[in-house]
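One file, input02.txt, is given below (compact mmCIF, C-alpha atoms).
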```txt
# COMPACT_ATOMS: atom_id res chain seq x y z
CA MET O 624 68.72 159.67 122.19
CA PRO O 625 67.75 163.19 121.01
CA THR O 626 70.11 165.04 118.73
CA ASP O 627 70.80 168.75 118.35
CA THR O 628 67.77 169.07 116.10
CA GLY O 629 65.54 167.31 118.60
CA ASN O 630 65.04 164.24 116.42
CA PRO O 631 65.85 160.80 117.79
CA ALA O 632 69.13 159.44 116.48
CA PRO O 633 68.88 156.22 114.51
CA SER O 634 69.85 153.09 116.37
CA PRO O 635 73.13 151.52 115.15
CA ILE O 636 71.25 148.27 114.56
CA SER O 637 67.69 148.96 113.64
CA PRO O 638 65.32 146.31 115.00
CA THR O 639 63.32 146.48 111.79
CA ARG O 640 64.78 147.00 108.36
CA SER O 641 61.68 148.04 106.49
CA GLY O 642 59.63 150.06 108.94
CA GLY O 643 56.94 147.99 110.57
CA ASP O 644 57.49 144.83 108.50
CA ARG O 645 56.44 142.03 110.82
CA PHE O 646 58.81 139.61 109.09
CA ALA O 647 61.85 141.79 109.72
CA PRO O 648 64.32 140.46 112.32
CA GLY O 649 63.82 141.64 115.90
CA PRO O 650 66.33 141.91 118.73
CA GLU O 651 68.92 139.15 118.92
CA ARG O 652 68.50 136.42 121.54
CA PHE O 653 71.04 133.78 122.47
CA VAL O 654 69.61 130.23 122.43
CA PRO O 655 72.49 127.78 123.01
CA VAL O 656 70.17 124.75 122.93
CA ALA O 657 69.18 125.62 119.36
CA GLY O 658 72.84 125.92 118.37
CA VAL O 659 73.66 122.50 119.81
CA ALA O 660 70.58 120.99 118.16
CA GLY O 661 71.70 122.41 114.82
CA LEU O 662 75.04 120.70 115.24
CA ILE O 663 73.35 117.36 115.90
CA LEU O 664 71.22 117.48 112.76
CA PRO O 665 71.07 120.25 110.13
CA GLY O 666 67.87 122.26 110.63
CA LEU O 667 67.09 120.87 114.08
CA GLY O 668 68.11 124.13 115.73
CA HIS O 669 65.39 126.02 113.89
CA VAL O 670 62.85 123.35 114.88
CA VAL O 671 63.75 124.13 118.50
CA LEU O 672 63.13 127.81 117.72
CA GLY O 673 59.67 127.04 116.36
CA GLN O 674 60.61 127.67 112.72
CA PRO O 675 59.84 124.34 111.06
CA ARG O 676 59.54 125.64 107.50
CA ARG O 677 62.92 127.34 107.70
CA ALA O 678 64.32 124.20 109.32
CA GLY O 679 63.04 122.04 106.49
CA ALA O 680 64.61 124.30 103.88
CA ILE O 681 67.94 124.35 105.75
CA ALA O 682 67.91 120.57 106.11
CA ALA O 683 67.08 120.12 102.42
CA GLY O 684 69.89 122.43 101.36
CA VAL O 685 72.61 121.17 103.69
CA LEU O 686 71.73 117.48 103.48
CA GLY O 687 71.18 117.81 99.74
CA LEU O 688 74.72 119.12 99.33
CA PHE O 689 76.15 116.48 101.66
CA LEU O 690 74.29 113.49 100.25
CA GLY O 691 74.80 114.79 96.71
CA GLY O 692 78.54 114.84 97.33
CA LEU O 693 78.42 111.31 98.71
CA LEU O 694 76.38 110.08 95.76
CA LEU O 695 78.77 111.72 93.32
CA GLY O 696 82.07 110.68 94.88
CA GLY O 697 81.06 107.74 97.06
CA LEU O 698 81.47 107.36 100.82
CA ASP O 699 85.21 107.73 100.28
CA THR O 700 84.57 111.47 99.90
CA ILE O 701 84.53 111.70 103.72
CA ASP O 702 87.99 110.62 104.77
CA SER O 703 89.56 111.93 107.97
CA ARG O 704 92.92 110.30 107.17
CA GLU O 705 93.59 110.92 103.49
CA ASP O 706 91.63 114.20 103.18
CA ARG O 707 92.09 115.56 106.69
CA LEU O 708 91.81 119.27 105.93
CA TRP O 709 88.63 118.72 103.95
CA PHE O 710 87.25 116.63 106.80
CA TYR O 711 87.67 119.49 109.27
CA VAL O 712 85.10 121.44 107.23
CA GLN O 713 82.90 118.47 106.34
CA ALA O 714 82.65 117.54 110.03
CA LEU O 715 80.57 120.69 110.60
CA VAL O 716 77.61 118.75 109.16
CA GLY O 717 77.58 116.90 112.49
CA PRO O 718 77.46 113.26 113.60
CA LEU O 719 76.40 112.23 110.10
CA ALA O 720 79.85 113.13 108.76
CA PHE O 721 81.58 111.24 111.57
CA GLY O 722 79.37 108.21 110.91
CA VAL O 723 80.22 108.18 107.21
CA ASP O 724 83.90 108.55 108.05
CA TRP O 725 83.67 105.61 110.48
CA ILE O 726 82.11 103.43 107.77
CA ASN O 727 84.81 104.48 105.32
CA GLN O 728 87.68 103.81 107.74
CA ASN O 729 86.35 100.54 109.16
CA GLN O 730 84.23 98.94 106.46
CA LEU O 731 85.69 100.11 103.15
CA LYS O 732 89.39 100.87 103.48
CA ALA O 733 92.01 98.18 103.96
CA TRP O 734 95.72 97.48 103.87
CA ALA O 735 97.59 97.24 100.62
CA LEU O 736 101.26 96.65 99.85
CA GLU O 737 102.58 99.64 97.93
CA GLU O 738 105.66 99.11 95.82
CA THR O 739 108.52 101.49 96.53
CA PRO O 740 111.46 102.00 94.17
CA ALA O 741 114.23 101.48 96.72
CA ALA O 742 112.88 99.36 99.55
CA ARG O 743 110.47 96.54 100.31
CA PRO O 744 106.75 97.07 99.64
CA VAL O 745 105.23 99.21 102.38
CA PRO O 746 101.79 98.40 103.86
CA VAL O 747 99.45 101.36 103.38
CA TYR O 748 95.92 101.71 104.76
CA ARG O 749 93.94 103.21 101.89
CA SER O 750 90.80 103.22 99.79
CA ALA O 751 90.34 100.56 97.14
CA TYR O 752 91.11 101.42 93.56
CA GLU O 753 89.03 100.19 90.68
CA GLY O 754 89.71 96.50 90.10
CA GLU O 755 90.55 95.71 93.70
CA VAL O 756 88.64 93.57 96.17
CA ARG O 757 88.61 93.95 99.96
CA VAL O 758 89.42 90.67 101.68
CA ARG O 759 88.34 90.47 105.30
CA ALA O 760 90.67 89.08 107.95
CA ASP O 761 88.27 86.26 108.80
CA VAL O 762 88.38 85.11 105.19
CA ASP O 763 92.10 85.36 104.71
CA GLY O 764 93.16 84.09 108.11
CA HIS O 765 96.92 84.31 107.79
CA ARG O 766 96.84 88.10 107.80
CA PRO O 767 95.57 90.04 110.85
CA TYR O 768 93.93 92.85 108.89
CA PRO O 769 91.59 93.44 105.96
CA ALA O 770 93.61 93.66 102.80
CA LEU O 771 93.14 94.82 99.23
CA GLU O 772 93.71 92.31 96.47
CA ALA O 773 93.45 92.52 92.71
CA MET O 774 89.97 91.67 91.47
CA PRO O 775 89.75 87.90 90.87
CA GLN O 776 89.50 86.80 87.28
CA TRP O 777 86.85 84.50 85.85
CA GLY O 778 86.86 81.10 87.54
CA ARG O 779 88.55 82.31 90.72
CA ALA O 780 85.73 84.45 92.12
CA GLY O 781 84.76 81.73 94.61
CA GLU O 782 88.11 82.02 96.33
CA PHE O 783 87.31 85.56 97.42
CA ALA O 784 84.44 86.01 99.86
CA GLY O 785 85.34 89.63 100.65
CA SER O 786 83.35 92.51 99.26
CA ARG O 787 84.50 94.45 96.24
CA GLY O 788 86.22 97.54 97.50
CA ALA O 789 84.66 100.95 97.07
CA GLY O 790 85.94 102.78 94.04
CA LYS O 791 87.94 105.91 94.76
CA SER O 792 86.79 108.97 92.87
CA VAL O 793 89.41 110.92 90.96
CA GLY O 794 89.76 114.14 89.03
CA LYS O 795 86.90 116.60 88.70
CA VAL O 796 84.38 114.18 90.20
CA ASN O 797 86.47 113.92 93.37
CA GLU O 798 86.97 117.68 93.51
CA ILE O 799 83.28 118.51 93.16
CA ALA O 800 82.22 115.78 95.59
CA LEU O 801 84.66 117.09 98.21
CA LEU O 802 83.49 120.63 97.54
CA MET O 803 79.80 119.73 97.92
CA CYS O 804 80.36 118.03 101.28
CA ALA O 805 82.56 120.92 102.47
CA LEU O 806 79.94 123.46 101.37
CA ALA O 807 77.37 121.49 103.36
CA GLY O 808 79.56 121.80 106.45
CA MET O 809 80.09 125.53 105.99
CA MET O 810 76.39 126.19 105.37
CA ASN O 811 75.50 124.18 108.47
CA LEU O 812 77.88 126.35 110.50
CA VAL O 813 76.02 129.43 109.25
CA ALA O 814 72.71 127.75 110.16
CA VAL O 815 74.01 126.84 113.64
CA LEU O 816 75.11 130.43 114.27
CA ASP O 817 71.75 131.70 113.01
CA ALA O 818 69.95 129.31 115.37
CA ALA O 819 72.13 130.15 118.37
CA PHE O 820 71.88 133.93 117.82
CA ASN O 821 68.39 134.18 116.38
CA ARG O 822 66.35 137.31 115.69
CA ARG O 823 63.16 135.86 114.28
CA GLU O 824 59.75 135.05 115.76
CA ARG O 825 58.19 131.61 115.88
CA GLU O 826 56.48 130.76 112.61
CA SER O 827 53.21 130.11 114.43
CA ALA O 828 53.26 133.77 115.53
CA LEU O 829 54.09 135.04 112.03
CA TYR O 830 51.89 132.83 109.89
CA GLY O 831 49.34 131.53 112.38
CA GLN O 832 48.88 128.03 113.76
CA GLY O 833 49.69 125.19 111.40
CA ALA O 834 52.53 127.09 109.79
CA GLY O 835 54.70 124.06 109.92
CA SER O 836 52.31 121.88 108.01
CA MET M 1165 75.12 99.06 80.24
CA THR M 1166 77.66 96.89 82.05
CA LEU M 1167 79.09 99.93 83.82
CA LEU M 1168 75.63 101.08 84.89
CA LEU M 1169 74.81 97.69 86.36
CA ALA M 1170 78.12 97.57 88.17
CA TRP M 1171 77.66 101.00 89.77
CA ARG M 1172 76.73 100.78 93.45
CA PRO M 1173 75.28 104.02 94.90
CA LEU M 1174 77.39 105.59 97.67
CA LEU M 1175 80.15 103.03 97.18
CA ASP M 1176 81.30 103.73 93.65
CA PRO M 1177 81.73 107.28 92.31
CA ILE M 1178 79.52 108.41 89.45
CA ASP M 1179 81.36 108.54 86.14
CA ALA M 1180 80.68 112.23 85.52
CA HIS M 1181 83.98 113.09 83.87
CA ALA M 1182 82.25 113.95 80.58
CA TRP M 1183 79.57 116.21 82.09
CA TRP M 1184 81.01 117.43 85.38
CA PHE M 1185 80.40 121.07 84.44
CA LEU M 1186 76.63 120.46 84.52
CA LEU M 1187 76.96 119.89 88.26
CA ILE M 1188 77.07 123.68 88.66
CA PHE M 1189 73.25 123.67 88.47
CA PRO M 1190 72.50 121.38 91.45
CA VAL M 1191 75.38 122.84 93.46
CA ALA M 1192 74.22 126.42 92.85
CA PHE M 1193 70.62 125.47 93.62
CA LEU M 1194 71.39 123.64 96.88
CA LEU M 1195 73.80 126.35 98.01
CA SER M 1196 71.17 129.01 97.30
CA LEU M 1197 68.52 126.97 99.12
CA SER M 1198 70.56 126.60 102.30
CA TRP M 1199 71.71 130.26 102.23
CA LYS M 1200 68.31 131.77 101.49
CA ALA M 1201 66.63 129.50 104.05
CA ILE M 1202 68.72 131.30 106.64
CA ARG M 1203 68.65 134.81 105.20
CA VAL M 1204 65.15 135.37 103.82
CA ASP M 1205 62.81 137.25 106.17
CA ASP M 1206 59.49 135.90 104.89
CA ILE M 1207 59.85 132.17 104.32
CA ARG M 1208 56.98 132.28 101.80
CA ARG M 1209 59.33 134.15 99.45
CA LEU M 1210 61.98 131.46 99.75
CA TRP M 1211 61.64 129.78 96.36
CA ARG M 1212 61.68 133.02 94.40
CA SER M 1213 64.83 134.12 96.24
CA VAL M 1214 66.43 130.72 95.66
CA LEU M 1215 65.67 130.87 91.95
CA VAL M 1216 67.12 134.37 91.62
CA MET M 1217 70.30 133.47 93.52
CA THR M 1218 70.73 130.25 91.54
CA VAL M 1219 70.51 132.12 88.23
CA GLN M 1220 72.86 134.84 89.50
CA THR M 1221 75.41 132.25 90.65
CA VAL M 1222 75.37 130.37 87.37
CA LEU M 1223 75.62 133.56 85.31
CA VAL M 1224 78.51 134.93 87.38
CA LEU M 1225 80.42 131.66 87.06
CA LEU M 1226 79.75 131.57 83.32
CA GLY M 1227 81.06 135.13 83.11
CA LEU M 1228 84.18 134.26 85.06
CA GLY M 1229 84.75 131.24 82.83
CA LEU M 1230 84.30 133.37 79.72
CA ALA M 1231 86.68 136.01 81.07
CA ALA M 1232 89.30 133.37 81.87
CA PHE M 1233 88.87 131.85 78.39
CA LEU M 1234 89.28 135.22 76.68
CA GLY M 1235 92.23 136.08 78.88
CA LEU M 1236 94.04 132.87 78.02
CA THR M 1237 93.22 132.72 74.31
CA VAL M 1238 93.18 136.41 73.32
CA VAL M 1239 94.81 138.71 75.88
CA LEU M 1240 97.79 136.57 76.87
CA PRO M 1241 98.90 135.86 73.24
CA ILE M 1242 98.69 139.61 72.54
CA LEU M 1243 100.79 140.40 75.61
CA ALA M 1244 103.26 137.67 74.70
CA GLY M 1245 103.56 139.16 71.19
CA LEU M 1246 104.19 142.62 72.62
CA ALA M 1247 106.92 141.29 74.86
CA ARG M 1248 108.97 139.92 71.94
```
Could you spell out this file's structure in structure tokens?
Amino acid sequence: MPTDTGNPAPSPISPTRSGGDRFAPGPERFVPVAGVAGLILPGLGHVVLGQPRRAGAIAAGVLGLFLGGLLLGGLDTIDSREDRLWFYVQALVGPLAFGVDWINQNQLKAWALEETPAARPVPVYRSAYEGEVRVRADVDGHRPYPALEAMPQWGRAGEFAGSRGAGKSVGKVNEIALLMCALAGMMNLVAVLDAAFNRRERESALYGQGAGS
Amino acid sequence: MTLLLAWRPLLDPIDAHAWWFLLIFPVAFLLSLSWKAIRVDDIRRLWRSVLVMTVQTVLVLLGLGLAAFLGLTVVLPILAGLAR
């Protein structure tokens, strides 16, 4: 578009940011398959786009944050019941987050009777605290659900065949573990959007064949 | 030693209550890695960009912590003294 001076007006979004740099982003293209792939597994969307190095770095960053959070706070960090708002963000990591939550809800948590000041003890489905053991229903047949019991003392361990319950993280450790998994979800959302609305060439075109190796 | 043997990865939380602040380094690094992996134009410059962003993140957080410390221990007592 010529201006009054006869010079072409600059485009609102320049296709190249540094004048002829072949690595600069080009025009945006919508690739929904890449976006969906990125939601299935962090980095997979960029593999679909032919950017395996970038995909590897994204996967390392997002999965590093997510698995680091799990290692720090335990699987209980992903909890769609007790930490629902956090889970909404953590779920952006994809099926991995839902799988961890399923394990937490079905394999680790159990029912416990919580004392209340005014009424009878109330059954609560929660994570195990330190010093509690998870007793499966098939072991303790008179109750129809897995339950949390106090850790057996010496000499009584044989009475309890259930697994020791997962410890629940508290304090700063819990906060940072939740934050790491939530950051992983948010960064994966950015990666998914970048994959779905991508502006970069295939790495084989930029760096030559074998760029992914 | 007993606590270490009893710790089960992914089931029990790590007892990091004494050194939780050191977790800023891996968090800043991994956050920088995932962000720069998306943003950097030439992927061969990734690690340099990640290093720079990691250092910047840690320094900014240290600065914020220092500012909060000075505000609470120096500025607020002065303001409280002026208000009397």
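If we count all atoms listed in the file, these residues of chain O sit within 6 Å of chain M: Phe646, Ala647, Arg677, Ala680, Ile681, Gly684, Val685, Leu693, Leu694, Leu695, Gly696, Gly697, Leu698, Ala789, Gly790 and Ser792 of chain O.
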How many Å separate atom CA of O:Leu688 from atom CA of M:Leu1230?
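So the answer is 26.1 Å.
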Atom CA of O:Leu771 and atom CA of O:Ala735, how far apart in Å?
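Atom CA of O:Leu771 lies 5.3 Å from atom CA of O:Ala735.
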Quick one: residues within 7 Å of O:Asn821, only C-alpha atoms counted, chain neighbours fewer than 4 positions away excluded, as a PyMOL selection string?
chain O and resi 651-653+817
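Taking atom CA of O:Tyr748 as the reference point, atom CA of O:Lys732 is found at 6.7 Å.
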Near O:Ala770, within 8 Å and counting all atoms listed in the file, which residues show up once chain neighbours fewer than 2 positions away are dropped, as an NGL selection string?
:O and (733-735 or 757-760 or 768 or 772)
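With only C-alpha atoms as the basis for measurement, M:Val1222 is the residue among M:Ile1242, M:Val1214, M:Ala1247, M:Val1222 that approaches M:Leu1186 most closely.
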